[in-house]
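Visitor: model-v2.pdb (PDB, C-alpha atoms, pLDDT in the B column) pasted underneath:
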ATOM      1  CA  MET A1052     128.312 133.012 116.536  1.00 70.00           C
ATOM      2  CA  GLN A1053     125.428 133.339 114.061  1.00 80.00           C
ATOM      3  CA  ASN A1054     126.335 130.083 112.300  1.00 85.00           C
ATOM      4  CA  THR A1055     126.647 128.194 115.579  1.00 88.00           C
ATOM      5  CA  LEU A1056     123.210 129.369 116.670  1.00 85.00           C
ATOM      6  CA  LYS A1057     121.705 128.357 113.298  1.00 85.00           C
ATOM      7  CA  ILE A1058     123.281 124.906 113.555  1.00 87.00           C
ATOM      8  CA  ILE A1059     121.972 124.412 117.081  1.00 88.00           C
ATOM      9  CA  ILE A1060     118.430 125.461 116.105  1.00 87.00           C
ATOM     10  CA  PHE A1061     118.518 123.307 112.969  1.00 85.00           C
ATOM     11  CA  SER A1062     119.758 120.290 114.969  1.00 84.00           C
ATOM     12  CA  PHE A1063     117.017 120.831 117.554  1.00 81.00           C
ATOM     13  CA  LEU A1064     114.310 120.979 114.865  1.00 79.00           C
ATOM     14  CA  VAL A1065     115.624 117.854 113.141  1.00 79.00           C
ATOM     15  CA  SER A1066     115.615 115.962 116.443  1.00 78.00           C
ATOM     16  CA  LEU A1067     111.991 117.026 117.043  1.00 74.00           C
ATOM     17  CA  LEU A1068     110.968 115.771 113.612  1.00 72.00           C
ATOM     18  CA  ALA A1069     112.790 112.476 114.142  1.00 70.00           C
ATOM     19  CA  ALA A1070     110.638 111.820 117.220  1.00 68.00           C
ATOM     20  CA  CYS A1071     107.457 112.092 115.122  1.00 70.00           C
ATOM     21  CA  VAL A1072     107.605 108.676 113.490  1.00 73.00           C
ATOM     22  CA  TYR A1073     104.311 107.031 112.567  1.00 76.00           C
ATOM     23  CA  LYS A1074     104.205 103.306 113.223  1.00 78.00           C
ATOM     24  CA  ARG A1075     101.334 101.198 111.986  1.00 84.00           C
ATOM     25  CA  ASP A1076      99.995  97.756 112.796  1.00 83.00           C
ATOM     26  CA  LEU A1077     101.455  95.010 110.608  1.00 86.00           C
ATOM     27  CA  PRO A1078      99.057  92.045 110.180  1.00 86.00           C
ATOM     28  CA  GLN A1079     100.358  89.013 108.282  1.00 87.00           C
ATOM     29  CA  GLY A1080      98.798  85.693 107.284  1.00 87.00           C
ATOM     30  CA  ASN A1081      95.213  84.479 107.511  1.00 86.00           C
ATOM     31  CA  LEU A1082      92.928  86.390 109.858  1.00 87.00           C
ATOM     32  CA  ILE A1083      91.789  83.893 112.512  1.00 89.00           C
ATOM     33  CA  THR A1084      88.801  84.817 114.679  1.00 89.00           C
ATOM     34  CA  PRO A1085      87.205  82.830 117.513  1.00 90.00           C
ATOM     35  CA  ASP A1086      83.982  82.662 115.469  1.00 91.00           C
ATOM     36  CA  MET A1087      85.790  81.044 112.539  1.00 91.00           C
ATOM     37  CA  VAL A1088      87.430  78.406 114.737  1.00 91.00           C
ATOM     38  CA  SER A1089      84.150  77.635 116.528  1.00 92.00           C
ATOM     39  CA  GLN A1090      82.506  76.873 113.157  1.00 93.00           C
ATOM     40  CA  LEU A1091      85.049  74.143 112.364  1.00 93.00           C
ATOM     41  CA  GLN A1092      83.695  70.655 113.048  1.00 93.00           C
ATOM     42  CA  PRO A1093      85.222  67.229 112.365  1.00 94.00           C
ATOM     43  CA  GLY A1094      83.625  65.697 109.285  1.00 94.00           C
ATOM     44  CA  MET A1095      83.460  68.956 107.303  1.00 94.00           C
ATOM     45  CA  SER A1096      84.574  68.762 103.673  1.00 93.00           C
ATOM     46  CA  ARG A1097      87.573  70.701 102.387  1.00 93.00           C
ATOM     47  CA  GLN A1098      85.235  73.058 100.511  1.00 93.00           C
ATOM     48  CA  GLN A1099      83.279  73.801 103.697  1.00 94.00           C
ATOM     49  CA  VAL A1100      86.544  74.552 105.523  1.00 93.00           C
ATOM     50  CA  VAL A1101      87.591  76.953 102.744  1.00 93.00           C
ATOM     51  CA  GLN A1102      84.212  78.709 103.033  1.00 94.00           C
ATOM     52  CA  VAL A1103      84.767  79.212 106.779  1.00 93.00           C
ATOM     53  CA  MET A1104      88.516  79.872 106.962  1.00 92.00           C
ATOM     54  CA  GLY A1105      89.543  80.875 103.430  1.00 91.00           C
ATOM     55  CA  SER A1106      92.481  79.314 101.616  1.00 89.00           C
ATOM     56  CA  PRO A1107      95.241  78.069 103.913  1.00 86.00           C
ATOM     57  CA  LEU A1108      98.418  80.101 104.132  1.00 77.00           C
ATOM     58  CA  MET A1109     100.611  77.015 103.900  1.00 74.00           C
ATOM     59  CA  TYR A1110     100.061  73.670 102.269  1.00 76.00           C
ATOM     60  CA  ASN A1111     102.241  70.753 103.297  1.00 76.00           C
ATOM     61  CA  ALA A1112     104.222  69.890 100.164  1.00 80.00           C
ATOM     62  CA  PHE A1113     104.665  66.273 101.230  1.00 83.00           C
ATOM     63  CA  ASP A1114     101.236  65.576 102.696  1.00 81.00           C
ATOM     64  CA  ASP A1115      98.132  67.338 101.368  1.00 85.00           C
ATOM     65  CA  ALA A1116      96.180  66.117 104.388  1.00 90.00           C
ATOM     66  CA  SER A1117      97.518  69.015 106.516  1.00 90.00           C
ATOM     67  CA  TRP A1118      96.455  72.649 106.163  1.00 91.00           C
ATOM     68  CA  ASN A1119      97.951  75.431 108.290  1.00 90.00           C
ATOM     69  CA  TYR A1120      96.458  78.829 108.956  1.00 91.00           C
ATOM     70  CA  VAL A1121      98.850  81.306 110.566  1.00 91.00           C
ATOM     71  CA  TYR A1122      98.180  84.865 111.753  1.00 91.00           C
ATOM     72  CA  ARG A1123     100.724  87.313 113.169  1.00 90.00           C
ATOM     73  CA  LEU A1124     100.054  90.888 114.242  1.00 89.00           C
ATOM     74  CA  LYS A1125     102.799  93.288 115.271  1.00 88.00           C
ATOM     75  CA  ASP A1126     101.089  96.404 116.547  1.00 85.00           C
ATOM     76  CA  ALA A1127     102.478  99.929 116.648  1.00 82.00           C
ATOM     77  CA  ASP A1128     103.725  99.350 120.215  1.00 83.00           C
ATOM     78  CA  ASP A1129     105.724  96.282 119.070  1.00 84.00           C
ATOM     79  CA  ASN A1130     103.373  93.834 120.817  1.00 87.00           C
ATOM     80  CA  ILE A1131     103.202  90.593 118.835  1.00 88.00           C
ATOM     81  CA  THR A1132     100.129  88.353 118.639  1.00 88.00           C
ATOM     82  CA  GLU A1133     100.488  84.968 116.956  1.00 91.00           C
ATOM     83  CA  LYS A1134      97.786  82.401 116.233  1.00 91.00           C
ATOM     84  CA  GLN A1135      97.879  79.109 114.377  1.00 92.00           C
ATOM     85  CA  VAL A1136      95.223  76.611 113.359  1.00 92.00           C
ATOM     86  CA  SER A1137      96.392  73.279 111.931  1.00 91.00           C
ATOM     87  CA  LEU A1138      93.811  71.092 110.248  1.00 92.00           C
ATOM     88  CA  VAL A1139      94.280  67.433 109.366  1.00 92.00           C
ATOM     89  CA  PHE A1140      92.081  65.755 106.769  1.00 93.00           C
ATOM     90  CA  ASN A1141      91.288  62.092 106.295  1.00 93.00           C
ATOM     91  CA  GLY A1142      90.487  61.981 102.590  1.00 90.00           C
ATOM     92  CA  ASN A1143      88.090  64.870 102.013  1.00 91.00           C
ATOM     93  CA  GLN A1144      86.838  65.013 105.621  1.00 95.00           C
ATOM     94  CA  LEU A1145      88.250  67.192 108.424  1.00 94.00           C
ATOM     95  CA  ALA A1146      89.616  64.811 111.052  1.00 94.00           C
ATOM     96  CA  ASP A1147      91.601  66.921 113.573  1.00 93.00           C
ATOM     97  CA  ILE A1148      91.781  70.567 114.637  1.00 93.00           C
ATOM     98  CA  GLN A1149      94.814  71.863 116.540  1.00 92.00           C
ATOM     99  CA  THR A1150      95.241  75.440 117.715  1.00 92.00           C
ATOM    100  CA  ALA A1151      98.139  77.439 119.124  1.00 90.00           C
ATOM    101  CA  GLY A1152      98.287  80.972 120.479  1.00 85.00           C
ATOM    102  CA  ASP A1153      95.473  83.045 121.932  1.00 82.00           C
ATOM    103  CA  ILE A1154      92.701  82.063 119.524  1.00 80.00           C
ATOM    104  CA  GLY A1155      90.047  83.684 121.729  1.00 77.00           C
ATOM    105  CA  ALA A1156      91.559  87.162 121.402  1.00 71.00           C
ATOM    106  CA  THR A1157      90.051  89.312 118.693  1.00 67.00           C
ATOM    107  CA  PRO A1158      92.811  91.199 116.905  1.00 61.00           C
ATOM    108  CA  ARG A1159      92.741  94.980 117.064  1.00 62.00           C
ATOM    109  CA  ILE A1160      93.493  96.368 113.639  1.00 57.00           C
ATOM    110  CA  GLN A1161      93.553 100.082 112.958  1.00 54.00           C
ATOM    111  CA  GLN A1162      90.813 101.129 110.574  1.00 55.00           C
ATOM    112  CA  ARG A1163      91.727 103.397 107.688  1.00 52.00           C
ATOM    113  CA  ASP A1164      89.436 105.496 105.578  1.00 52.00           C
ATOM    114  CA  ALA A1165      88.504 103.344 102.605  1.00 47.00           C
ATOM    115  CA  PRO A1166      88.074 104.712  99.099  1.00 47.00           C
ATOM    116  CA  ALA A1167      84.471 105.113  97.985  1.00 47.00           C
ATOM    117  CA  SER A1168      84.757 102.093  95.680  1.00 46.00           C
ATOM    118  CA  ALA A1169      85.779  99.876  98.614  1.00 45.00           C
ATOM    119  CA  ALA A1170      82.414 100.505 100.252  1.00 48.00           C
ATOM    120  CA  SER A1171      80.709  98.877  97.274  1.00 47.00           C
ATOM    121  CA  ALA A1172      82.745  95.656  97.520  1.00 45.00           C
ATOM    122  CA  GLY A1173      80.702  92.757  98.833  1.00 44.00           C
ATOM    123  CA  PRO A1174      81.812  89.868 101.087  1.00 46.00           C
ATOM    124  CA  GLY A1175      84.680  87.892  99.617  1.00 45.00           C
ATOM    125  CA  GLU A1176      85.684  90.822  97.410  1.00 45.00           C
ATOM    126  CA  VAL A1177      88.620  93.176  97.552  1.00 45.00           C
ATOM    127  CA  VAL A1178      89.087  96.371  95.666  1.00 43.00           C
ATOM    128  CA  SER A1179      91.813  96.073  93.073  1.00 40.00           C
ATOM    129  CA  PRO A1180      94.293  98.931  92.646  1.00 42.00           C
ATOM    130  CA  MET A1181      92.179 100.108  89.725  1.00 42.00           C
ATOM    131  CA  GLY A1182      89.198 100.586  92.081  1.00 44.00           C
ATOM    132  CA  SER A1183      86.951  97.754  90.892  1.00 43.00           C
ATOM    133  CA  PRO A1184      85.978  94.841  93.154  1.00 44.00           C
ATOM    134  CA  ALA A1185      87.822  91.585  92.507  1.00 44.00           C
ATOM    135  CA  SER A1186      86.047  88.530  93.863  1.00 42.00           C
ATOM    136  CA  ASN A1187      87.688  85.669  95.716  1.00 44.00           C
ATOM    137  CA  PRO A1188      86.107  82.459  94.385  1.00 43.00           C
ATOM    138  CA  GLU A1189      87.307  80.438  97.348  1.00 46.00           C
ATOM    139  CA  GLY A1190      85.611  82.637  99.943  1.00 47.00           C
ATOM    140  CA  GLY A1191      87.252  83.795 103.148  1.00 48.00           C
ATOM    141  CA  SER A1192      89.808  86.546 103.065  1.00 45.00           C
ATOM    142  CA  ALA A1193      90.362  87.755  99.533  1.00 46.00           C
ATOM    143  CA  ASP A1194      93.383  89.829 100.573  1.00 46.00           C
ATOM    144  CA  PRO A1195      96.520  87.637 100.438  1.00 43.00           C
ATOM    145  CA  THR A1196      98.200  89.768 103.108  1.00 44.00           C
ATOM    146  CA  LEU A1197      95.535  88.906 105.684  1.00 44.00           C
TER     147      LEU A1197
END
Could I get this file's structure written as structure tokens?

Guide:
Amino acid sequence: MQNTLKIIIFSFLVSLLAACVYKRDLPQGNLITPDMVSQLQPGMSRQQVVQVMGSPLMYNAFDDASWNYVYRLKDADDNITEKQVSLVFNGNQLADIQTAGDIGATPRIQQRDAPASAASAGPGEVVSPMGSPASNPEGGSADPTL
């Protein structure tokens, strides 16, 4: 009887702990905000586009005239937000801007407490694992996971 009671209590406690699973938001790709998209204008140079949007997530291997920026956010409640901006260049000039998804929605990303060294990083910089800022020479998001 004692062992059966211990097994029942242990099973109950394990089932309670299994229900306490932390799920976090999972952002992937280039962060795309409405402000960034509104700054894009036909006739901009590739360098100006990189300053506004950052480096594209995907380059077209067969045609360097197309740049694609993709953003996907799966939040803790399993809601998925997807955005895509496709840019077409004519030479060095931006010729066409195509968007897909809800570009106007600002993504909600959970904020975490940053290490003290992260507060000292300036725009276009990320904190390396060693704690020192690492600059992104191309501008935009320096974190490759964003």

Visitor: Would you work out the distance separating CA of Trp1118 in chain A from CA of Met1087 in chain A, expressed in Å to one decimal?

Guide: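 CA of Met1087 in chain A lies at a distance of 15.0 Å from CA of Trp1118 in chain A.
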
Visitor: Using only C-alpha atoms, pick whichever of A:Asp1086, A:Leu1124, A:Phe1061, A:Leu1138 has the shortest atom-to-atom distance to Asn1111 in chain A.

Guide: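 Counting only C-alpha atoms, the residue closest to Asn1111 in chain A is A:Leu1138.
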
Visitor: Please determine, counting all atoms listed in the file, which residue among A:Tyr1122, A:Val1100, A:Leu1056, A:Lys1074 has the shortest atom-to-atom distance to Ile1148 in chain A.

Guide: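 Distance minimum relative to Ile1148 in chain A lands on A:Val1100.
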
Visitor: Using only C-alpha atoms, which of the listed residues (A:Leu1064, A:Asp1076, A:Lys1057, A:Cys1071) sits closest to Asp1126 in chain A?

Guide: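 Between A:Leu1064, A:Asp1076, A:Lys1057, A:Cys1071, the residue approaching Asp1126 in chain A most closely is A:Asp1076.
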
Visitor: With distances taken over only C-alpha atoms, which of A:Val1101, A:Ile1058, A:Leu1067, A:Leu1077 is nearest to Asp1128 in chain A?

Guide: A:Leu1077

Visitor: Run the PyMOL selection byres ((chain A and resi 1155) around 9) against the file shown and list the residues it catches, as a list in words.

Guide: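 So the PyMOL selection byres ((chain A and resi 1155) around 9) ends up selecting Thr1084, Pro1085, Asp1086, Gly1152, Asp1153, Ile1154, Ala1156 and Thr1157 of chain A.
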
Visitor: Find the smallest box with edges along x, y and z containing every listed atom of range 1091-1104 of chain A, then add 6 Å on each side and report centre and edge lengths in Å to one decimal, as JSON.

Guide:
{"center_x": 85.9, "center_y": 72.8, "center_z": 106.8, "size_x": 17.2, "size_y": 26.2, "size_z": 24.5}

Visitor: What gap, in Å, lies between CA of Val1139 in chain A and CA of Phe1113 in chain A?

Guide: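 Computing the Euclidean distance for CA of Val1139 in chain A and CA of Phe1113 in chain A yields 13.2 Å.
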
Visitor: Please report the interatomic distance between CA of Thr1055 in chain A and CA of Leu1068 in chain A in Å with one decimal.

Guide: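 Going from CA of Thr1055 in chain A over to CA of Leu1068 in chain A covers 20.1 Å.
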
Visitor: May I ask which of the residues A:Gln1102, A:Met1109, A:Ser1096, A:Tyr1120 is the closest one to Phe1140 in chain A, counting only C-alpha atoms?

Guide: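 Under the stated criterion, the closest residue is A:Ser1096.
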
Visitor: Could you list, as a ChimeraX atom specification, every residue within 9 Å of Gln1149 in chain A, counting all atoms listed in the file and ignoring same-chain residues fewer than 2 positions away?

Guide: /A:1135-1139,1147,1151

Visitor: Tell me which protein, DNA and RNA residues are within 6 Å of Arg1123 in chain A, counting only C-alpha atoms, leaving out same-chain ones fewer than 3 positions away, and put them as number ranges by chain.

Guide: A: 1078-1079, 1132-1133

Visitor: Output the residue selection produced by the PyMOL selection byres ((chain A and resi 1091) around 9) on the file above, formatted as a list in words.

Guide: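 So the PyMOL selection byres ((chain A and resi 1091) around 9) ends up selecting Met1087, Val1088, Ser1089, Gln1090, Gln1092, Pro1093, Met1095, Gln1099, Val1100, Val1103, Met1104, Leu1145 and Ile1148 of chain A.
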
Visitor: Tell me which of A:Arg1097, A:Ile1131, A:Thr1150, A:Asn1141 sits closest to Asn1119 in chain A, counting all atoms listed in the file.

Guide: A:Thr1150
